[in-house]
Amino acid sequence: MARGRLRIHLGAAPGVGKTYAMLAEAHRRQARGTDVVVGFVEDHGRAATAALAEGLETVPRRPTAPRYGGELDLDAVLARRPRLALVDELAHTNAPGSRNAKRWQDVEELLAAGIDVLSTVNIQHLESLGDVVEGITGVRPRETVPDEVVRRADQIELADMDPEALRRRLAHGNVYPPERVDAALAHYFRLGNLTALRELALLWTADRADEYLQRYRAEQGIEGTWQARERIVVGITGGPEGATLIRRAGRIAARGAGGELLAVHIARADGLAGSGSPQALIEQRTLVESLGGTFHTVLGDDPAQGLLDFARGVNATQIVLGSSRRKPWQYIYGPGVGVTVTRGSGDIDVHMVTHEHAAAGRGRIPIRRVTDLGRTRTVAGWLIGIAGPLLLALVLTQAHGLGLSTDMLLFLSVTVCAALVGGLFPAIAAALVGSSALNYFFTPPVHTFTIAAPENILAVGIFTAVGIAVATVVDVAARRSHQAARSQAEARTLSALAGTVLRGAPTGEGVLAALLEQVREVFQQDAAALLERPDDRSPWRTTAVTGEHPPARPEDGDVDVQVGEHLALVLRGRVLPAEDRRLLGAFAAQAAVVLERRRLAGEAAAARREAEGNRIRTALLAAVSHDLRTPLAGIKAAVTSLRAEDVEWDPADEAELLAGIEAGADRLDHLINNLLDMSRLQTGTVTPLLQDTDLDEVVPYALGGVPLEAVALDVPETLPMVRADAGLLERSLANLIENAVKYRPDGSQVLVKADAVRPARGPHLVELRIVDRGPGVPEHARERIFAPFQRYGDAPRGAGVGLGLAVARGFVEAMGGTVTAEDTPGGGLTMVVALPAADGRAAGPAGSSPTGTDPTDTDPTDRKAEPV
């Protein structure tokens with residue numbers, strides 16, 4: 001069975017006409033004879049949409065709870081099996097009890113059954129765009145659909161409308177009922193929001209159209225460029241001209257709407273190091289991304305062909321290249337990348353950009369023409385190259401020669417042997433000495449350097465040329481092998497470097513030191529230092545060091561690598577060869593990345609603290625405007641009544657009013673104290689005075705704000721003392737006990753129970769448990785109740801700003817203790833305050849439990865003290 005086809009009408013916002021366009025398409029299909037059924041269409045009370053739905057067969061909705069209004073009856077549509085089904089609101093979440101959780105899953109079943117589907121979705125419902133939409137509108141979409149579901153659609157049609165026109169439609173009542181219009185215009189449907197959402201929808205649709213275009217070109221084998229959109233490809237080598245080229249390409253891409261910038265670096269496919277600087281490539285990648293472009297690395301032996309293949313693959317319209325850094329005489333090696341790309345670009349325009357480094361030389365690290373084979377092999381190579389042909393000539397002279405051609409092959413073998421052992425120059429010496437020996441001893445007339453027969457002149461010349469050529473090839477192969485081994489070692493080193501950075505802490509703590517230690521070991525240096533300064537005139541300061549006697553300035557080291565303008569990696573120990581500096585540049589670039597990441601983490605932490613401070617200030621204002629106003633209003637009303645001259649109060653009424661004033665003042669005092677305490681905790685100014693403290697002396701004072709009959713105490717006198725600040729501990733316990741009393745059922749008591757605990761590891765503790773039989777708090781919300789200005793559920797009586805538990809935990813933690821919440825067996829909440837014992841051990845009478853009392857072993861409402 002063939003899969004059905006999906007067509008989606010995509011809109012930027014509600015009211016742009018997606019459902020209307022879908023219904024209009026359904027009428028057109030029906031007029032052409034297509035079997036069309038409305039599976040689910042939501043008209044949202046819009047008369048024009050409801051009128052357009054008339055005349056189409058509609059499958060009744062599946063009944064649900066009244067507040068859901070019915071759902072798509074998937075089984076009924078499948079049984080009806082129309083050619084085309086209309087299913088509105090693809091991102092909708094189905095009512096509980098439905099077969100599928102989401103409506104797009106219902107649509108997938110229809111498509112699998114061979115039924116074509118017309119559907120609708122707004123751009124804000126795409127899963128990947130949730131954060132973007134929230135940043136634009138301030139509203140996080142609750143219902144989403146995976147992007148892949150929409151991408152797989154056979155057709156996507158954009159329902160577009162000018163933002164001003166949509167606002168007019170909304171104002172005329174064509175989108176929402178009149179009572180919702182003003183709020184919608186003032187919030188979600190602001191002109192800026194609609195413009196941004198429209199641009200988001202247009203760009204997303206354009207990207208999908210680009211995917212379809214690329215797919216079609218690949219299927220049809222079309223290699224020519226279709227200039228549907230300006231795509232600027234800039235080729236960079238990692239050279240100093242890269243930033244100039246990228247900025248120039250960025251300006252070209254910005255000339256027209258929708259221009260796209262792509263930077264490409266062609267890396268050697270054989271893995272050998274090229275002329276590009278790793279540090280420069282990292283900086284250029286950052287520049288490209290800051291301009292809104294993308295950076296790509298392509299492997300290829302031919303840079304020009306690799307660049308052209310990439311440009312054609314992305315359907316580029318223009319290529320930006322820099323003028324060659326070659327010196328004029330270097331063009332004897334070939335026309336260069338710029339000329340080659342221009343010749344083969346076809347219908348792609350090529351921009352050649354001049355820069356200050358043009359024709360100044362490539363400045364690349366020179367390839368060492370003499371392979372570093374070690375002293376032994378070098379000496380052996382020269383001995384073979386010079387003495388080998390002479391010894392061979394002596395042997396062949398004694399044998400009266402084996403024929404000129406055989407003698408030449410033997411001398412050629414000596415040349416190859418010299419190349420294998422000693423490299424290029426010993427092999428050239430072997431070829432020259434061998435050709436001279438051939439001429440003198442074996443080419444008539446012998447014992448002279450004169451050659452009689454012309455063919456012998458040609459033979460000796462060919463031998464000399466072949467010997468030199470073979471020596472060159474062998475030496476090149478040896479150098480390539482050496483470079484490949486070095487590149488492999490560099491790759492392993494860079495892999496280890498990346499692992500060191502990635503395994504480091506997000507803030508970069510310790511990573512810089514480990515990175516510098518790795519640099520010191522890899523390059524065999526005595527010390528390494530990362531130096532930084534804010535500007536060119538300021539002295540250098542040390543950011544990270546390793547080793548003995550690290551350099552304090554770049555000039556104090558043997559090697560220094562600049563990372564940007566004000567950061568340098570400096571080594572002391574030995575001078576590095578030029579080929580090692582390239583790898584060192586990668587280390588330096590990674591060090592800069594780690595340092596920047598650490599700074600960004602610090603800025604993010606500061607931003608979070610500032611945001612938290614703003615949230616606290618906002619909540620504080622809300623508390624002052626609401627929670628503090630209530631007791632003030634009661635106090636003012638009581639005072640006004642007492643001062644009224646036309647009313648004579650009897651003593652009982654006057655006492656009641658004065659009691660109300662006192663209660664309001666106490667409530668104000670409590671709220672203000674909590675606010676001040678929270679402010680001290682937030683600013684880090686709480687400095688507890690820790691001393692040995694008896695709980696049985698502190699706990700009674702913490703009961704001053706609650707009725708005595710509401711609390712039952714079980715604090716044995718045999719408990720060890722705790723290390724605490726008596727004042728802070730009293731305030732903490734008072735808040736916890738008042739909170740427990742507030743939520744206890746009427747007539748019940750809050751149990752305050754203390755026990756000594758001897759954990760298997762760590763210091764001995766004293767635990768104070770405040771047990772209530774109230775409604776309790778679910779496990780997922782227990783941490784939230786300790787956050788400032790947070791209360792779980794509605795306070796049944798009393799009022800507050802949600803600071804009591806936050807202050808209590810803050811004070812206890814400042815004293816080195818903990819406050820946690822756990823279930824009370826049988827229902828309720830237990831607050832557990834754990835404090836370190838004063839002497840580090842929980843001493844008790846003989847026969848006590850070595851691990852303390854397990855609170856789950858007994859009923860927490862039992863008033864009998866357990867022995868410790």
# chains A, B, ... in the order shown; residues from 1 in each chain; ligands from 1

call {"tool": "residues_around", "arguments": {"residues": "region 75-83 of chain A", "least_positions_apart": "4", "cutoff": "8 Å", "atoms": "only C-alpha atoms", "output": "JSON, numbers by chain"}}
result
{"A": [34, 35, 36, 37, 39, 59, 110, 113, 115, 116]}

call {"tool": "write_last_selection", "arguments": {"atoms": "N, CA and C atoms", "output": "PDB file, in the first residue's frame"}}
result
ATOM      1  N   THR A  34     -12.227  14.536  -5.942  1.00  0.00           N
ATOM      2  CA  THR A  34     -11.512  13.832  -4.865  1.00  0.00           C
ATOM      3  C   THR A  34     -12.443  13.580  -3.700  1.00  0.00           C
ATOM      4  N   ASP A  35     -12.345  12.381  -3.114  1.00  0.00           N
ATOM      5  CA  ASP A  35     -13.140  12.025  -1.930  1.00  0.00           C
ATOM      6  C   ASP A  35     -12.512  12.703  -0.711  1.00  0.00           C
ATOM      7  N   VAL A  36     -13.162  13.763  -0.213  1.00  0.00           N
ATOM      8  CA  VAL A  36     -12.619  14.593   0.862  1.00  0.00           C
ATOM      9  C   VAL A  36     -13.482  14.446   2.106  1.00  0.00           C
ATOM     10  N   VAL A  37     -12.813  14.301   3.277  1.00  0.00           N
ATOM     11  CA  VAL A  37     -13.511  14.198   4.554  1.00  0.00           C
ATOM     12  C   VAL A  37     -12.813  15.111   5.555  1.00  0.00           C
ATOM     13  N   GLY A  39     -11.693  15.433   9.041  1.00  0.00           N
ATOM     14  CA  GLY A  39     -11.467  14.647  10.249  1.00  0.00           C
ATOM     15  C   GLY A  39     -11.564  15.501  11.487  1.00  0.00           C
ATOM     16  N   VAL A  59     -16.488  13.888   9.698  1.00  0.00           N
ATOM     17  CA  VAL A  59     -16.557  12.746  10.609  1.00  0.00           C
ATOM     18  C   VAL A  59     -16.786  13.275  12.012  1.00  0.00           C
ATOM     19  N   LEU A 110      -2.775   7.806   9.663  1.00  0.00           N
ATOM     20  CA  LEU A 110      -3.563   8.025   8.442  1.00  0.00           C
ATOM     21  C   LEU A 110      -2.676   7.910   7.207  1.00  0.00           C
ATOM     22  N   ALA A 113      -1.819   4.431   6.359  1.00  0.00           N
ATOM     23  CA  ALA A 113      -2.948   3.722   5.768  1.00  0.00           C
ATOM     24  C   ALA A 113      -3.211   4.136   4.330  1.00  0.00           C
ATOM     25  N   ILE A 115      -3.852   7.311   3.250  1.00  0.00           N
ATOM     26  CA  ILE A 115      -4.778   8.449   3.167  1.00  0.00           C
ATOM     27  C   ILE A 115      -3.966   9.737   3.103  1.00  0.00           C
ATOM     28  N   ASP A 116      -4.246  10.586   2.100  1.00  0.00           N
ATOM     29  CA  ASP A 116      -3.613  11.898   2.030  1.00  0.00           C
ATOM     30  C   ASP A 116      -4.175  12.788   3.133  1.00  0.00           C
TER      31      ASP A 116
END

call {"tool": "residues_around", "arguments": {"residues": "Gly776 (chain A)", "least_positions_apart": "5", "cutoff": "12 Å", "atoms": "only C-alpha atoms", "output": "short mmCIF file (atom, residue, chain, number, x, y, z; two decimals) with C-alpha atoms, in the first residue's frame"}}
result
data_model
loop_
_atom_site.label_atom_id
_atom_site.label_comp_id
_atom_site.auth_asym_id
_atom_site.auth_seq_id
_atom_site.Cartn_x
_atom_site.Cartn_y
_atom_site.Cartn_z
CA ASN A 739 6.02 26.78 59.92
CA ALA A 740 5.15 23.35 61.34
CA TYR A 743 0.33 23.61 58.85
CA ARG A 744 -0.59 21.21 61.70
CA PRO A 745 -4.16 19.94 61.88
CA VAL A 771 7.52 16.61 63.16
CA ALA A 781 8.65 20.00 45.70
CA ARG A 782 10.69 19.65 48.89
CA ILE A 785 10.04 25.21 49.64
CA TYR A 792 4.10 25.24 48.54
CA GLY A 793 0.36 25.50 47.99
CA ALA A 821 12.67 17.63 54.68
CA GLU A 822 11.29 14.10 54.75
CA ASP A 823 7.94 12.34 55.11
CA THR A 824 6.44 11.78 58.51
CA PRO A 825 5.37 8.13 58.84
CA GLY A 826 1.57 8.17 58.77
CA GLY A 827 1.40 11.54 57.01
CA GLY A 828 2.93 14.95 57.44
CA LEU A 829 6.34 16.57 57.07
CA THR A 830 9.46 16.26 59.22
CA MET A 831 12.19 18.90 59.18
#

call {"tool": "atom_distance", "arguments": {"atom1": "CA of His9 (chain A)", "atom2": "CA of Arg151 (chain A)"}}
result
12.4 Å

call {"tool": "select_by_dssp", "arguments": {"residues": "region 114-187 of chain A", "states": "helix (DSSP H, G or I)", "output": "MDAnalysis selection string"}}
result
chainID A and resid 123:125 127:137 147:151 163:171 178:186

call {"tool": "residues_around", "arguments": {"residues": "Glu71 (chain A)", "least_positions_apart": "5", "cutoff": "9 Å", "atoms": "only C-alpha atoms", "output": "PyMOL selection string"}}
result
chain A and resi 40+61-64+94-95+98

call {"tool": "residues_around", "arguments": {"residues": "Ala165 (chain A)", "least_positions_apart": "3", "cutoff": "12 Å", "atoms": "only C-alpha atoms", "output": "PyMOL selection string"}}
result
chain A and resi 15-17+160-162+168-172+174-175+189+191+194-195

call {"tool": "residues_around", "arguments": {"residues": "Ser732 (chain A)", "least_positions_apart": "2", "cutoff": "7 Å", "atoms": "only C-alpha atoms", "output": "ChimeraX atom specification"}}
result
/A:728-730,734-736,807-808,811-812

call {"tool": "write_last_selection", "arguments": {"atoms": "C-alpha atoms", "output": "tab-separated table (two decimals), in the first residue's frame"}}
result
chain	number	residue	atom	x	y	z
A	728	LEU	CA	21.24	31.98	64.70
A	729	LEU	CA	20.16	28.52	65.84
A	730	GLU	CA	17.26	29.98	67.82
A	734	ALA	CA	11.78	29.38	65.54
A	735	ASN	CA	11.09	29.63	61.80
A	736	LEU	CA	10.90	25.86	61.37
A	807	VAL	CA	16.41	31.80	56.34
A	808	ALA	CA	16.45	28.70	58.54
A	811	PHE	CA	21.63	30.05	58.98
A	812	VAL	CA	22.09	26.33	59.69

call {"tool": "atom_distance", "arguments": {"atom1": "CA of Asp154 (chain A)", "atom2": "CA of Leu111 (chain A)"}}
result
11.3 Å
